[in-house]
$ cat my_file22.tsv   # TSV, C-alpha atoms
chain	number	residue	atom	x	y	z
A	1	MET	CA	-178.75	129.83	-167.46
A	2	SER	CA	-179.94	126.74	-169.32
A	3	ALA	CA	-176.79	124.80	-168.36
A	4	GLN	CA	-177.47	125.54	-164.68
A	5	VAL	CA	-181.12	124.53	-165.07
A	6	VAL	CA	-180.14	121.26	-166.77
A	7	SER	CA	-177.64	120.53	-163.98
A	8	VAL	CA	-180.26	121.10	-161.28
A	9	LEU	CA	-182.82	118.99	-163.13
A	10	ASN	CA	-180.35	116.15	-163.75
A	11	ASP	CA	-179.47	116.10	-160.04
A	12	LEU	CA	-183.16	115.69	-159.25
A	13	ILE	CA	-183.49	112.97	-161.90
A	14	GLU	CA	-180.71	111.02	-160.14
A	15	ILE	CA	-182.46	111.44	-156.80
A	16	SER	CA	-185.80	110.41	-158.30
A	17	ARG	CA	-184.22	107.33	-159.89
A	18	ASP	CA	-182.64	106.50	-156.51
A	19	GLY	CA	-186.08	106.74	-154.92
A	20	GLU	CA	-187.69	104.65	-157.65
A	21	GLN	CA	-185.10	101.91	-157.35
A	22	GLY	CA	-184.92	102.12	-153.55
A	23	PHE	CA	-188.66	101.70	-153.14
A	24	LYS	CA	-188.60	98.80	-155.63
A	25	LYS	CA	-185.86	97.14	-153.58
A	26	ALA	CA	-187.89	97.69	-150.38
A	27	GLU	CA	-190.94	96.19	-152.10
A	28	GLU	CA	-188.90	93.10	-153.09
A	29	GLU	CA	-187.52	92.62	-149.57
A	30	CYS	CA	-190.84	93.23	-147.80
A	31	ALA	CA	-193.14	90.40	-146.76
A	32	ASN	CA	-196.01	92.68	-145.66
A	33	PRO	CA	-198.52	92.96	-148.56
A	34	GLU	CA	-199.84	96.34	-147.36
A	35	LEU	CA	-196.34	97.82	-147.22
A	36	LYS	CA	-195.56	96.34	-150.63
A	37	LEU	CA	-198.42	98.49	-151.99
A	38	VAL	CA	-197.05	101.60	-150.26
A	39	PHE	CA	-193.55	100.99	-151.62
A	40	ALA	CA	-194.93	100.36	-155.12
A	41	ALA	CA	-196.93	103.61	-155.03
A	42	CYS	CA	-193.90	105.59	-153.83
A	43	SER	CA	-191.76	104.03	-156.57
A	44	LYS	CA	-194.36	105.02	-159.14
A	45	ASP	CA	-194.33	108.62	-157.83
A	46	CYS	CA	-190.56	108.72	-158.29
A	47	THR	CA	-190.82	107.28	-161.80
A	48	ARG	CA	-193.34	109.97	-162.76
A	49	ALA	CA	-191.15	112.71	-161.25
A	50	ALA	CA	-188.08	111.52	-163.15
A	51	GLN	CA	-190.02	111.47	-166.43
A	52	GLU	CA	-191.31	115.02	-165.90
A	53	LEU	CA	-187.77	116.19	-165.13
A	54	ARG	CA	-186.37	114.38	-168.20
A	55	GLU	CA	-188.85	116.21	-170.42
A	56	LEU	CA	-187.73	119.56	-168.99
A	57	VAL	CA	-184.05	118.71	-169.51
A	58	GLN	CA	-184.77	117.94	-173.16
A	59	ARG	CA	-186.72	121.17	-173.51
A	60	PHE	CA	-183.66	123.06	-172.29
A	61	GLY	CA	-181.48	121.23	-174.81
A	62	GLY	CA	-179.76	118.96	-172.32
A	63	LYS	CA	-179.20	115.23	-172.10
A	64	PRO	CA	-181.27	113.72	-169.28
A	65	GLU	CA	-179.57	111.65	-166.61
A	66	GLU	CA	-180.57	108.01	-166.97
A	67	THR	CA	-179.26	106.46	-163.76
A	68	GLY	CA	-179.35	107.03	-160.05
A	69	SER	CA	-176.44	108.14	-157.91
A	70	ILE	CA	-173.58	106.00	-156.64
A	71	SER	CA	-174.64	106.67	-153.04
A	72	GLY	CA	-178.13	105.42	-153.92
A	73	LYS	CA	-176.67	102.21	-155.32
A	74	LEU	CA	-174.62	101.74	-152.16
A	75	HIS	CA	-177.71	102.33	-150.02
A	76	ARG	CA	-179.69	99.68	-151.93
A	77	GLY	CA	-176.73	97.31	-151.71
A	78	TRP	CA	-176.67	97.77	-147.94
A	79	ILE	CA	-180.37	96.87	-147.72
A	80	GLU	CA	-179.77	93.76	-149.85
A	81	LEU	CA	-176.73	92.69	-147.85
A	82	LYS	CA	-178.49	93.12	-144.52
A	83	ALA	CA	-181.54	91.24	-145.80
A	84	ALA	CA	-179.31	88.35	-146.94
A	85	ILE	CA	-177.40	88.14	-143.66
A	86	ILE	CA	-179.99	88.74	-140.95
A	87	GLY	CA	-183.24	89.59	-142.71
A	88	VAL	CA	-185.16	92.81	-142.54
A	89	ASP	CA	-188.34	93.68	-140.76
A	90	ASP	CA	-190.91	96.32	-141.67
A	91	HIS	CA	-189.37	98.86	-139.32
A	92	ALA	CA	-185.88	98.46	-140.79
A	93	LEU	CA	-187.16	98.80	-144.36
A	94	LEU	CA	-189.21	101.87	-143.47
A	95	ALA	CA	-186.26	103.44	-141.65
A	96	GLU	CA	-184.05	102.96	-144.71
A	97	CYS	CA	-186.73	104.39	-146.99
A	98	GLU	CA	-187.07	107.39	-144.70
A	99	ARG	CA	-183.31	107.96	-144.91
A	100	GLY	CA	-183.61	107.98	-148.69
A	101	GLU	CA	-186.48	110.46	-148.55
A	102	ASP	CA	-184.40	112.67	-146.23
A	103	VAL	CA	-181.78	112.84	-148.99
A	104	ALA	CA	-184.45	113.66	-151.57
A	105	LYS	CA	-185.84	116.43	-149.35
A	106	LYS	CA	-182.36	117.97	-149.10
A	107	HIS	CA	-181.79	117.88	-152.87
A	108	TYR	CA	-185.20	119.39	-153.64
A	109	HIS	CA	-184.71	122.08	-151.01
A	110	ASN	CA	-181.30	122.92	-152.50
A	111	ALA	CA	-182.79	123.05	-156.00
A	112	LEU	CA	-185.42	125.54	-154.85
A	113	GLU	CA	-182.62	127.79	-153.57
A	114	LYS	CA	-181.38	128.23	-157.16
A	115	ASP	CA	-182.39	130.91	-159.64
A	116	LEU	CA	-184.79	128.98	-161.90
A	117	PRO	CA	-187.40	129.89	-164.50
A	118	ALA	CA	-190.91	130.12	-163.03
A	119	ASP	CA	-192.25	127.00	-164.77
A	120	VAL	CA	-189.27	124.91	-163.66
A	121	ARG	CA	-189.60	126.21	-160.10
A	122	ALA	CA	-193.32	125.37	-160.11
A	123	LEU	CA	-192.67	121.77	-161.17
A	124	ILE	CA	-189.87	121.33	-158.63
A	125	GLU	CA	-192.04	122.81	-155.87
A	126	ALA	CA	-194.91	120.44	-156.74
A	127	GLN	CA	-192.54	117.47	-156.74
A	128	TYR	CA	-191.02	118.65	-153.45
A	129	GLN	CA	-194.48	118.57	-151.91
A	130	ASP	CA	-194.84	114.96	-153.13
A	131	VAL	CA	-191.47	114.09	-151.58
A	132	LEU	CA	-192.57	115.62	-148.28
A	133	LYS	CA	-195.85	113.68	-148.44
A	134	ASN	CA	-194.03	110.39	-149.12
A	135	HIS	CA	-191.48	111.12	-146.40
A	136	ASP	CA	-194.16	111.81	-143.80
A	137	ARG	CA	-196.13	108.72	-144.82
A	138	ILE	CA	-193.04	106.53	-144.52
A	139	ARG	CA	-192.04	108.14	-141.21
A	140	ASN	CA	-195.52	107.56	-139.75
A	141	LEU	CA	-195.51	103.93	-140.89
A	142	ARG	CA	-192.01	103.52	-139.44
A	143	ASP	CA	-193.23	104.88	-136.11
A	144	GLN	CA	-196.16	102.47	-136.16
A	145	ALA	CA	-193.85	99.56	-136.96
A	146	ALA	CA	-191.52	100.58	-134.11
A	147	ASN	CA	-194.43	100.29	-131.69
A	148	THR	CA	-195.27	96.77	-132.85
A	149	LYS	CA	-191.85	95.16	-133.24
A	150	PRO	CA	-190.17	93.18	-130.50
A	151	PRO	CA	-187.24	94.98	-128.88
A	152	HIS	CA	-183.86	94.03	-130.29
A	153	ASP	CA	-180.80	95.78	-131.54
A	154	SER	CA	-180.63	96.58	-135.23
A	155	PHE	CA	-177.43	97.63	-136.91
A	156	LEU	CA	-179.15	99.22	-139.92

$ encode --input "my_file22.tsv" --output "structure tokens"
Amino acid sequence: MSAQVVSVLNDLIEISRDGEQGFKKAEEECANPELKLVFAACSKDCTRAAQELRELVQRFGGKPEETGSISGKLHRGWIELKAAIIGVDDHALLAECERGEDVAKKHYHNALEKDLPADVRALIEAQYQDVLKNHDRIRNLRDQAANTKPPHDSFL
């Protein structure tokens, strides 16, 4: 069972690293100082989650994942490319961050469907609640930004 537990935990480490790096990228691209603080806080949450997961992987005798996923790298590259070509507004950044949190929600939900030791399940459930909280915060901010931005087509 420990190999399965390590696999589940390493998947969540990748997702947490994607979130950490994605929120950092959003913070870099953002001009709004209040949103920069939100993105920095979300990145810090992801960093903490990844560290907690790494410690569990080591406890189960595994080698912790150190990077994010390829799809996460592509997602961040898309944000960077769009920012370089046409710029990004608050709404676009928040929408991209929400997409990333949707992926994290899916991975955490899938992890909780697995047969896991009680202490591992408890940590994953607590982190899942944090992911849901961040997702809802980002979604609400995205909705607010949508109500304040001028109408135009975005290809994000």

$ closest_residue --input "my_file22.tsv" --among "A:Glu55, A:Glu27, A:Glu65, A:Asp130" --to "Glu101 in chain A" --atoms "only C-alpha atoms"
A:Asp130

$ residues_around --input "my_file22.tsv" --residues "Asp102 in chain A" --least-positions-apart "6" --cutoff "10 Å" --atoms "only C-alpha atoms" --output "PDB file with C-alpha atoms, in the coordinates of the input"
ATOM      1  CA  GLU A  96    -184.050 102.960-144.710  1.00  0.00           C
ATOM      2  CA  VAL A 131    -191.470 114.090-151.580  1.00  0.00           C
ATOM      3  CA  LEU A 132    -192.570 115.620-148.280  1.00  0.00           C
ATOM      4  CA  HIS A 135    -191.480 111.120-146.400  1.00  0.00           C
TER       5      HIS A 135
END

$ residues_near_point --input "my_file22.tsv" --point "(-182.9, 118.4, -159.2)" --cutoff "12 Å" --atoms "only C-alpha atoms" --output "MDAnalysis selection string"
chainID A and resid 4:17 49:50 52:54 56:57 64:65 68 103:114 116 120:121 123:125 127:128

$ atom_distance --input "my_file22.tsv" --atom1 "CA of Gln129 in chain A" --atom2 "CA of Leu37 in chain A"
20.5 Å

$ atom_distance --input "my_file22.tsv" --atom1 "CA of Asn147 in chain A" --atom2 "CA of Cys97 in chain A"
17.6 Å

$ closest_residue --input "my_file22.tsv" --among "A:Arg48, A:Arg139, A:Lys133, A:Arg59" --to "Glu20 in chain A" --atoms "all atoms listed in the file"
A:Arg48

$ atom_distance --input "my_file22.tsv" --atom1 "CA of Asn134 in chain A" --atom2 "CA of Glu98 in chain A"
8.8 Å

$ closest_residue --input "my_file22.tsv" --among "A:Pro117, A:Gly62, A:Gly100, A:Arg142" --to "Ala3 in chain A" --atoms "all atoms listed in the file"
A:Gly62

$ closest_residue --input "my_file22.tsv" --among "A:Cys30, A:Gln51, A:Phe39, A:Gly61" --to "Val88 in chain A" --atoms "all atoms listed in the file"
A:Cys30

$ axis_aligned_box --input "my_file22.tsv" --around "range 41-45 of chain A" --padding-each-side "5 Å" --output "JSON"
{"center_x": -194.3, "center_y": 106.1, "center_z": -156.5, "size_x": 15.2, "size_y": 15.0, "size_z": 15.3}
